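Here is the file structure.csv (CSV, C-alpha atoms).
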```csv
chain,number,residue,atom,x,y,z
A,21,MET,CA,-107.6,-29.7,-8.1
A,22,LEU,CA,-111.2,-30.8,-7.7
A,23,LEU,CA,-111.3,-34.2,-6.0
A,24,LEU,CA,-114.7,-35.8,-6.1
A,25,SER,CA,-116.0,-37.1,-2.9
A,26,PRO,CA,-116.4,-40.9,-2.9
A,27,ALA,CA,-119.8,-40.7,-1.4
A,28,GLU,CA,-121.0,-38.3,-4.1
A,29,LYS,CA,-123.1,-39.3,-7.0
A,30,THR,CA,-121.9,-37.3,-9.9
A,31,LYS,CA,-123.6,-36.4,-13.1
A,32,TRP,CA,-122.0,-35.1,-16.3
A,33,VAL,CA,-124.0,-33.8,-19.2
A,34,VAL,CA,-122.4,-34.5,-22.7
A,35,THR,CA,-122.4,-31.3,-24.8
A,36,GLU,CA,-122.9,-31.0,-28.5
A,37,ASN,CA,-119.3,-30.2,-29.2
A,38,SER,CA,-118.3,-33.8,-28.5
A,39,ASN,CA,-117.0,-35.7,-31.4
A,40,LEU,CA,-115.8,-39.2,-32.6
A,41,SER,CA,-113.3,-40.2,-35.3
A,42,VAL,CA,-112.6,-43.4,-37.0
A,43,ASN,CA,-109.3,-44.1,-38.9
A,44,GLY,CA,-108.8,-47.0,-41.1
A,45,THR,CA,-106.7,-48.3,-44.0
A,46,THR,CA,-107.2,-50.1,-47.3
A,47,ASN,CA,-104.4,-51.7,-49.4
A,48,ILE,CA,-104.4,-48.5,-51.5
A,49,ASN,CA,-105.2,-45.6,-49.1
A,50,LYS,CA,-106.0,-44.4,-45.7
A,51,PHE,CA,-109.3,-42.9,-44.6
A,52,SER,CA,-110.3,-40.8,-41.7
A,53,CYS,CA,-114.0,-40.3,-40.9
A,54,GLU,CA,-115.5,-38.3,-38.1
A,55,ILE,CA,-118.7,-37.3,-36.4
A,56,PRO,CA,-117.8,-33.7,-35.8
A,57,THR,CA,-120.7,-32.8,-33.4
A,58,TYR,CA,-123.0,-34.7,-31.1
A,59,ASP,CA,-126.7,-34.0,-31.7
A,60,GLN,CA,-128.0,-35.0,-28.2
A,61,THR,CA,-127.5,-34.0,-24.6
A,62,ASP,CA,-127.0,-37.2,-22.7
A,63,THR,CA,-126.1,-37.7,-19.0
A,64,LEU,CA,-123.4,-39.9,-17.5
A,65,THR,CA,-123.7,-40.8,-13.9
A,66,MET,CA,-120.9,-42.0,-11.7
A,67,VAL,CA,-121.4,-43.9,-8.4
A,68,LYS,CA,-118.5,-45.1,-6.3
A,69,VAL,CA,-118.8,-48.8,-5.2
A,70,ASP,CA,-116.5,-51.1,-3.4
A,71,LYS,CA,-114.5,-52.0,-6.5
A,72,GLY,CA,-114.2,-48.9,-8.6
A,73,VAL,CA,-116.9,-46.7,-10.0
A,74,VAL,CA,-120.1,-47.6,-11.7
A,75,LEU,CA,-120.7,-45.4,-14.7
A,76,THR,CA,-124.1,-45.3,-16.3
A,77,GLY,CA,-125.3,-43.6,-19.4
A,78,ASN,CA,-124.8,-43.9,-23.1
A,79,ILE,CA,-124.3,-41.9,-26.2
A,80,GLY,CA,-126.0,-42.7,-29.5
A,81,LEU,CA,-124.2,-41.3,-32.6
A,82,LYS,CA,-125.9,-41.1,-36.0
A,83,ILE,CA,-124.1,-43.1,-38.6
A,84,GLU,CA,-125.3,-40.6,-41.2
A,85,SER,CA,-123.3,-37.9,-39.4
A,86,PHE,CA,-120.0,-39.7,-40.4
A,87,ASP,CA,-118.0,-37.5,-42.7
A,88,CYS,CA,-114.9,-39.0,-44.4
A,89,HIS,CA,-114.1,-35.7,-46.2
A,90,ASN,CA,-114.8,-37.5,-49.5
A,91,SER,CA,-118.4,-38.2,-50.5
A,92,ILE,CA,-117.6,-41.6,-52.0
A,93,MET,CA,-115.8,-42.8,-48.9
A,94,THR,CA,-118.5,-41.4,-46.7
A,95,HIS,CA,-121.2,-43.3,-48.6
A,96,ASP,CA,-119.1,-46.4,-48.6
A,97,LEU,CA,-118.6,-46.3,-44.8
A,98,ARG,CA,-122.3,-45.7,-44.1
A,99,LYS,CA,-123.2,-48.6,-46.3
A,100,THR,CA,-120.6,-50.9,-44.6
A,101,LEU,CA,-122.0,-49.9,-41.2
A,102,LYS,CA,-125.5,-50.8,-42.4
A,103,GLU,CA,-126.8,-47.3,-41.7
A,104,LYS,CA,-130.3,-48.0,-43.1
A,105,GLN,CA,-130.8,-51.0,-40.7
A,106,PHE,CA,-128.9,-49.5,-37.7
A,107,PRO,CA,-128.9,-45.8,-37.9
A,108,ARG,CA,-127.0,-45.2,-34.7
A,109,LEU,CA,-123.9,-46.5,-33.0
A,110,TYR,CA,-124.1,-46.6,-29.2
A,111,ILE,CA,-121.4,-46.3,-26.6
A,112,ARG,CA,-122.7,-47.5,-23.3
A,113,PHE,CA,-120.6,-46.6,-20.3
A,114,LEU,CA,-120.3,-49.3,-17.7
A,115,SER,CA,-117.5,-48.5,-15.2
A,116,LEU,CA,-114.4,-46.6,-14.4
A,117,SER,CA,-111.3,-48.0,-12.6
A,118,LYS,CA,-111.4,-45.1,-10.1
A,119,PHE,CA,-113.1,-41.7,-9.4
A,120,PRO,CA,-111.5,-39.3,-11.8
A,121,GLU,CA,-109.4,-36.5,-10.4
A,122,LEU,CA,-110.3,-33.5,-12.4
A,123,THR,CA,-107.3,-31.3,-13.1
A,124,ALA,CA,-106.1,-29.2,-16.0
A,125,GLU,CA,-103.5,-31.9,-16.7
A,126,PRO,CA,-105.0,-34.9,-18.4
A,127,GLN,CA,-105.2,-37.9,-16.0
A,128,PRO,CA,-105.1,-41.5,-17.3
A,129,ILE,CA,-108.0,-43.7,-16.3
A,130,THR,CA,-109.5,-46.9,-17.6
A,131,GLY,CA,-113.0,-48.0,-17.9
A,132,TRP,CA,-115.3,-50.6,-19.6
A,133,VAL,CA,-117.8,-49.7,-22.3
A,134,ASN,CA,-120.2,-51.6,-24.5
A,135,ILE,CA,-120.0,-50.5,-28.1
A,136,GLU,CA,-123.0,-51.3,-30.2
A,137,LEU,CA,-122.6,-51.2,-33.9
A,138,ALA,CA,-124.7,-52.6,-36.7
A,139,GLY,CA,-126.8,-54.4,-34.1
A,140,THR,CA,-123.9,-56.2,-32.4
A,141,SER,CA,-122.6,-55.2,-29.0
A,142,LYS,CA,-119.1,-55.8,-27.7
A,143,ARG,CA,-117.4,-54.9,-24.5
A,144,PHE,CA,-114.1,-53.1,-24.5
A,145,GLU,CA,-111.7,-51.7,-21.9
A,146,ILE,CA,-111.0,-48.1,-22.9
A,147,ASN,CA,-108.0,-46.0,-21.9
A,148,TYR,CA,-109.2,-42.5,-21.1
A,149,GLN,CA,-107.6,-39.2,-20.5
A,150,VAL,CA,-109.7,-36.9,-18.3
A,151,SER,CA,-109.2,-33.3,-17.6
A,152,ILE,CA,-111.1,-30.0,-16.8
A,153,ASP,CA,-110.5,-26.7,-18.4
A,154,ALA,CA,-110.8,-23.1,-17.1
A,155,GLN,CA,-114.5,-23.0,-18.3
A,156,LYS,CA,-115.2,-26.0,-16.2
A,157,ILE,CA,-115.7,-28.2,-19.2
A,158,ILE,CA,-114.7,-31.8,-18.5
A,159,HIS,CA,-112.8,-33.4,-21.3
A,160,LEU,CA,-113.0,-37.2,-21.6
A,161,LEU,CA,-110.8,-38.6,-24.4
A,162,GLY,CA,-111.1,-42.3,-25.2
A,163,ALA,CA,-109.4,-44.4,-27.8
A,164,GLN,CA,-109.8,-48.0,-28.8
A,165,ASP,CA,-108.9,-50.2,-31.8
A,166,ILE,CA,-111.8,-52.3,-33.0
A,167,ASN,CA,-112.3,-54.7,-35.8
A,168,PHE,CA,-115.1,-54.7,-38.4
A,169,SER,CA,-115.4,-58.5,-37.6
A,170,ASP,CA,-116.0,-57.8,-33.9
A,171,PHE,CA,-119.4,-56.5,-35.1
A,172,ASN,CA,-120.0,-59.2,-37.8
A,173,LEU,CA,-119.3,-56.6,-40.4
A,174,ILE,CA,-117.4,-57.4,-43.6
A,175,PRO,CA,-114.7,-54.9,-44.4
A,176,PRO,CA,-115.4,-53.6,-47.9
A,177,ARG,CA,-113.5,-55.4,-50.7
A,178,LYS,CA,-113.7,-54.3,-54.4
A,179,LEU,CA,-112.7,-55.8,-57.7
A,180,GLY,CA,-112.7,-59.4,-56.6
A,181,GLY,CA,-110.8,-58.5,-53.4
A,182,MET,CA,-107.9,-56.8,-55.1
A,183,ILE,CA,-108.9,-53.6,-53.2
A,184,LYS,CA,-109.3,-54.5,-49.5
A,185,THR,CA,-110.2,-52.5,-46.4
A,186,ASN,CA,-108.2,-53.8,-43.4
A,187,ASP,CA,-110.3,-55.2,-40.6
A,188,ARG,CA,-108.9,-52.9,-37.9
A,189,LEU,CA,-110.3,-49.5,-37.2
A,190,SER,CA,-109.0,-46.9,-34.7
A,191,VAL,CA,-111.8,-45.2,-32.9
A,192,ALA,CA,-111.2,-42.1,-30.8
A,193,PHE,CA,-113.8,-39.9,-29.1
A,194,HIS,CA,-113.7,-36.7,-27.2
A,195,LEU,CA,-116.6,-36.0,-24.9
A,196,LYS,CA,-117.0,-32.5,-23.6
A,197,MET,CA,-119.1,-32.5,-20.5
A,198,LYS,CA,-120.4,-30.2,-17.8
A,199,ALA,CA,-121.0,-31.4,-14.2
A,200,ILE,CA,-124.5,-30.9,-12.9
B,23,MET,CA,-118.1,-75.5,-82.6
B,24,LYS,CA,-115.0,-77.3,-81.3
B,25,LYS,CA,-112.8,-74.6,-82.6
B,26,VAL,CA,-114.9,-71.9,-81.0
B,27,LEU,CA,-114.7,-73.6,-77.6
B,28,ILE,CA,-111.0,-74.3,-77.9
B,29,SER,CA,-110.0,-70.9,-79.1
B,30,GLY,CA,-112.3,-69.4,-76.5
B,31,LEU,CA,-110.7,-71.4,-73.7
B,32,ILE,CA,-107.2,-70.5,-74.8
B,33,ALA,CA,-108.1,-66.8,-75.1
B,34,GLY,CA,-109.8,-67.0,-71.7
B,35,CYS,CA,-106.8,-68.4,-70.0
B,36,ILE,CA,-104.5,-65.8,-71.6
B,37,LEU,CA,-106.9,-63.0,-70.7
B,38,PHE,CA,-107.3,-64.3,-67.2
B,39,VAL,CA,-103.6,-64.1,-66.6
B,40,LEU,CA,-103.0,-60.8,-68.4
B,41,SER,CA,-106.1,-59.0,-67.2
B,42,TYR,CA,-106.0,-59.8,-63.5
B,43,GLY,CA,-102.2,-59.9,-63.4
B,44,GLY,CA,-102.2,-56.4,-65.0
B,45,LEU,CA,-104.9,-55.2,-62.6
B,46,PHE,CA,-103.0,-56.6,-59.6
B,47,LEU,CA,-99.8,-54.9,-60.7
B,48,ALA,CA,-101.6,-51.6,-61.5
B,49,ILE,CA,-103.2,-51.5,-58.0
B,50,ARG,CA,-99.9,-52.3,-56.4
B,51,PHE,CA,-97.8,-49.7,-58.2
B,52,PHE,CA,-100.4,-47.0,-58.9
B,53,PRO,CA,-102.8,-47.2,-55.9
B,54,LYS,CA,-104.0,-43.6,-56.3
B,55,TRP,CA,-105.6,-44.5,-59.6
B,56,PHE,CA,-108.0,-46.9,-57.8
B,57,THR,CA,-109.2,-44.9,-54.8
B,58,GLU,CA,-112.4,-44.1,-56.8
B,59,TYR,CA,-113.3,-47.7,-56.5
B,60,ASN,CA,-114.1,-47.2,-52.8
B,61,ASN,CA,-117.6,-46.4,-53.9
B,62,PRO,CA,-120.8,-48.1,-52.8
B,63,LEU,CA,-121.5,-48.5,-56.5
B,64,PHE,CA,-119.1,-51.4,-56.6
B,65,ASN,CA,-120.0,-54.7,-54.9
B,66,SER,CA,-118.1,-54.8,-51.6
B,67,ASP,CA,-119.1,-58.0,-49.7
B,68,GLY,CA,-117.2,-60.5,-51.9
B,69,SER,CA,-120.4,-62.3,-52.9
B,70,ARG,CA,-119.7,-61.7,-56.6
B,71,ASP,CA,-116.0,-62.4,-56.7
B,72,MET,CA,-116.4,-65.6,-58.7
B,73,LEU,CA,-118.4,-63.8,-61.3
B,74,PHE,CA,-115.8,-61.1,-61.4
B,75,TYR,CA,-113.0,-63.6,-62.1
B,76,LEU,CA,-115.1,-65.5,-64.7
B,77,HIS,CA,-115.3,-62.3,-66.9
B,78,ALA,CA,-112.2,-63.2,-68.8
B,79,PHE,CA,-113.8,-66.5,-69.9
B,80,ILE,CA,-117.2,-64.9,-70.6
B,81,ILE,CA,-115.8,-62.3,-72.9
B,82,SER,CA,-113.4,-64.9,-74.6
B,83,PHE,CA,-116.2,-67.4,-75.4
B,84,ALA,CA,-118.5,-64.6,-76.7
B,85,LEU,CA,-115.7,-63.1,-78.9
B,86,SER,CA,-114.7,-66.5,-80.1
B,87,TRP,CA,-118.2,-67.1,-81.4
B,88,PHE,CA,-118.3,-63.7,-82.9
B,89,TRP,CA,-114.9,-64.3,-84.6
B,90,ASP,CA,-116.0,-67.6,-86.0
B,91,ARG,CA,-119.1,-66.1,-87.6
B,92,PHE,CA,-117.4,-63.0,-89.1
B,93,LYS,CA,-113.7,-63.9,-89.5
B,94,GLY,CA,-114.0,-63.8,-93.2
B,95,LEU,CA,-114.5,-60.1,-93.0
B,96,PHE,CA,-111.1,-59.6,-91.3
B,97,LYS,CA,-108.5,-59.8,-94.0
B,98,GLY,CA,-104.7,-59.6,-94.0
B,99,GLN,CA,-102.0,-60.8,-91.7
B,100,PHE,CA,-102.9,-62.2,-88.3
B,101,LEU,CA,-101.7,-59.0,-86.5
B,102,ILE,CA,-103.9,-56.8,-88.7
B,103,ARG,CA,-106.9,-59.1,-88.3
B,104,GLY,CA,-106.5,-59.2,-84.5
B,105,LEU,CA,-106.2,-55.5,-84.2
B,106,GLU,CA,-109.1,-54.8,-86.5
B,107,PHE,CA,-111.3,-57.3,-84.6
B,108,GLY,CA,-110.4,-55.6,-81.3
B,109,PHE,CA,-111.3,-52.2,-82.7
B,110,VAL,CA,-114.6,-53.4,-84.3
B,111,TYR,CA,-115.7,-55.0,-81.0
B,112,SER,CA,-114.7,-51.8,-79.1
B,113,VAL,CA,-116.7,-49.5,-81.4
B,114,VAL,CA,-119.7,-51.8,-81.8
B,115,ALA,CA,-120.1,-53.0,-78.2
B,116,LEU,CA,-117.8,-51.2,-75.8
B,117,LEU,CA,-118.3,-47.6,-76.8
B,118,PRO,CA,-122.2,-47.6,-76.4
B,119,VAL,CA,-121.9,-49.4,-73.0
B,120,MET,CA,-119.3,-46.9,-71.8
B,121,TRP,CA,-121.4,-44.1,-73.0
B,122,ILE,CA,-124.5,-45.2,-71.1
B,123,SER,CA,-122.3,-46.0,-68.1
B,124,PHE,CA,-120.9,-42.5,-67.9
B,125,SER,CA,-124.2,-40.9,-68.5
B,126,SER,CA,-126.1,-42.8,-65.8
B,127,LEU,CA,-123.5,-43.8,-63.1
B,128,ASP,CA,-121.7,-41.5,-60.7
B,129,VAL,CA,-118.3,-42.4,-62.1
B,130,SER,CA,-115.5,-40.2,-63.5
B,131,ILE,CA,-114.6,-39.9,-67.2
B,132,VAL,CA,-111.1,-41.2,-66.4
B,133,MET,CA,-112.6,-44.4,-64.9
B,134,VAL,CA,-114.8,-44.9,-67.9
B,135,LEU,CA,-111.9,-44.3,-70.3
B,136,SER,CA,-109.8,-46.8,-68.3
B,137,TRP,CA,-112.6,-49.4,-68.7
B,138,PHE,CA,-112.7,-48.7,-72.5
B,139,GLY,CA,-109.0,-49.1,-72.8
B,140,TYR,CA,-109.1,-52.3,-70.7
B,141,GLY,CA,-111.8,-53.8,-72.9
B,142,LEU,CA,-110.0,-52.7,-76.1
B,143,MET,CA,-106.8,-54.5,-75.0
B,144,GLN,CA,-108.7,-57.6,-74.1
B,145,ALA,CA,-110.5,-57.7,-77.5
B,146,ILE,CA,-107.2,-57.1,-79.4
B,147,ILE,CA,-105.5,-59.9,-77.4
B,148,ALA,CA,-108.4,-62.2,-78.0
B,149,GLY,CA,-108.5,-61.3,-81.7
B,150,LEU,CA,-104.8,-62.1,-82.1
B,151,VAL,CA,-105.4,-65.5,-80.4
B,152,PHE,CA,-108.3,-66.3,-82.7
B,153,ALA,CA,-106.4,-65.2,-85.8
B,154,LYS,CA,-103.7,-67.7,-84.9
B,155,VAL,CA,-105.8,-70.6,-83.5
B,156,ASN,CA,-108.9,-70.3,-85.7
B,157,PRO,CA,-107.8,-68.5,-88.8
```

Same coordinates, now as structure tokens:
Amino acid sequence: MLLLSPAEKTKWVVTENSNLSVNGTTNINKFSCEIPTYDQTDTLTMVKVDKGVVLTGNIGLKIESFDCHNSIMTHDLRKTLKEKQFPRLYIRFLSLSKFPELTAEPQPITGWVNIELAGTSKRFEINYQVSIDAQKIIHLLGAQDINFSDFNLIPPRKLGGMIKTNDRLSVAFHLKMKAI
Amino acid sequence: MKKVLISGLIAGCILFVLSYGGLFLAIRFFPKWFTEYNNPLFNSDGSRDMLFYLHAFIISFALSWFWDRFKGLFKGQFLIRGLEFGFVYSVVALLPVMWISFSSLDVSIVMVLSWFGYGLMQAIIAGLVFAKVNP
């Protein structure tokens, strides 16, 4: 087990194999969309403070990278998320409840993030699972249910509202990082 | 003119119930047929819902006027007159519109055929109403 020293300022670099998925439903089907790879190398910094851990850094994901495995659904999601006006969604990391213990066995941890989507930002508490593998890759898995309406987005409705997308979306991300 | 408006209103009410009721039931019981509508081509923000639901009355008043002008050409019993009227409308107006829709929009042939069938049924029902109300 690698236990991080509380006095230590720790930096993790997000690697391009990281991904994010979004699952939602309509009254006629389900959809699953993902951003399969991350196109930037961003850094997260952790500093222990009196009450928990300050986590700084953010990731910006291209809306055009969303793939719903169906070109029609992909275009519809991008349009709903106002890709032309707001080409990226941002996850800004704010804090962790404690310093993560990096073990092969995933450890539960919570933390606050700001999710910025379509120009609107909202704060969420995320339940993470954090672990490290034999190649020293740190895995941070987070999941959170969000609503289109949280971001002033209107869930798509077709044919006079007879086909409706439900407001709730399940977002999950898997960050693969290296300590530097 | 009064007959045109009254028969248009009656046909509009009947089409409103049958068209949207049928659509509602089709979406409920055959949802897979409608997944193609999750397409940015179709308005998705609800801003045109009122226009969508007015369609039954728009087509009814337009067909009612058309019927009043040309009803003398449709001969026979009311059932035959209604059917012929529906087919004439479909060939003259629907077919060319469906043709240009399929050739220019990114929609499937099944979707276009379903629109054609939907319009044909609406015109036949309207024709039957007009043959009874405004013979």

Mind checking which residues fall within 7 Å of A:Arg108, counting only C-alpha atoms, ignoring those fewer than 3 positions away in the same chain, and posting them as a VMD selection string? chain A and resid 80 to 83

So what do you get for atom CA of A:Thr100 versus atom CA of A:Glu84, distance-wise?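 Rounded to one decimal, the two atoms are 11.8 Å apart.
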
Step by step: start from the point (-111.9, -36.6, -37.0) in the file's coordinates, keep every protein, DNA or RNA residue that has an atom no farther than 10 Å from it, count all atoms listed in the file, and write the set as a PyMOL selection string. chain A and resi 39-43+52-56+86-89+191-194

Could you tell me which residues of chain B sit within 8 Å of chain A when counting only C-alpha atoms, and give me the result as an MDAnalysis selection string? chainID B and resid 46 49:50 53:54 56:62 64:68 70:72 74:75

Minimum-distance residue to B:Ile122, chosen among B:Val134, B:Ser69, B:Leu76, B:Ser41 (using all atoms listed in the file):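 Counting all atoms listed in the file, the residue closest to B:Ile122 is B:Val134.
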
For atom CA of A:Phe168 and atom CA of A:Ser141, determine how far apart the two atoms are, in Å to one decimal place.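 These atoms are spaced 12.0 Å apart.
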
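Close contacts of A:Asn134, defined as residues with an atom at most 7 Å away when counting only C-alpha atoms, with chain neighbours fewer than 3 positions off set aside, comprise Ile111, Arg112, Phe113, Ser141, Lys142, Arg143 and Phe144 of chain A.
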
In terms of the shortest atom-to-atom distance over all atoms listed in the file, which of B:Trp121, B:Phe83, B:Phe52, B:Phe96 is closest to B:Ile32?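 Between B:Trp121, B:Phe83, B:Phe52, B:Phe96, the residue approaching B:Ile32 most closely is B:Phe83.
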
Take atom CA of B:Tyr42 and atom CA of B:Gly149 and report the distance between them in Å, one decimal. 18.4 Å
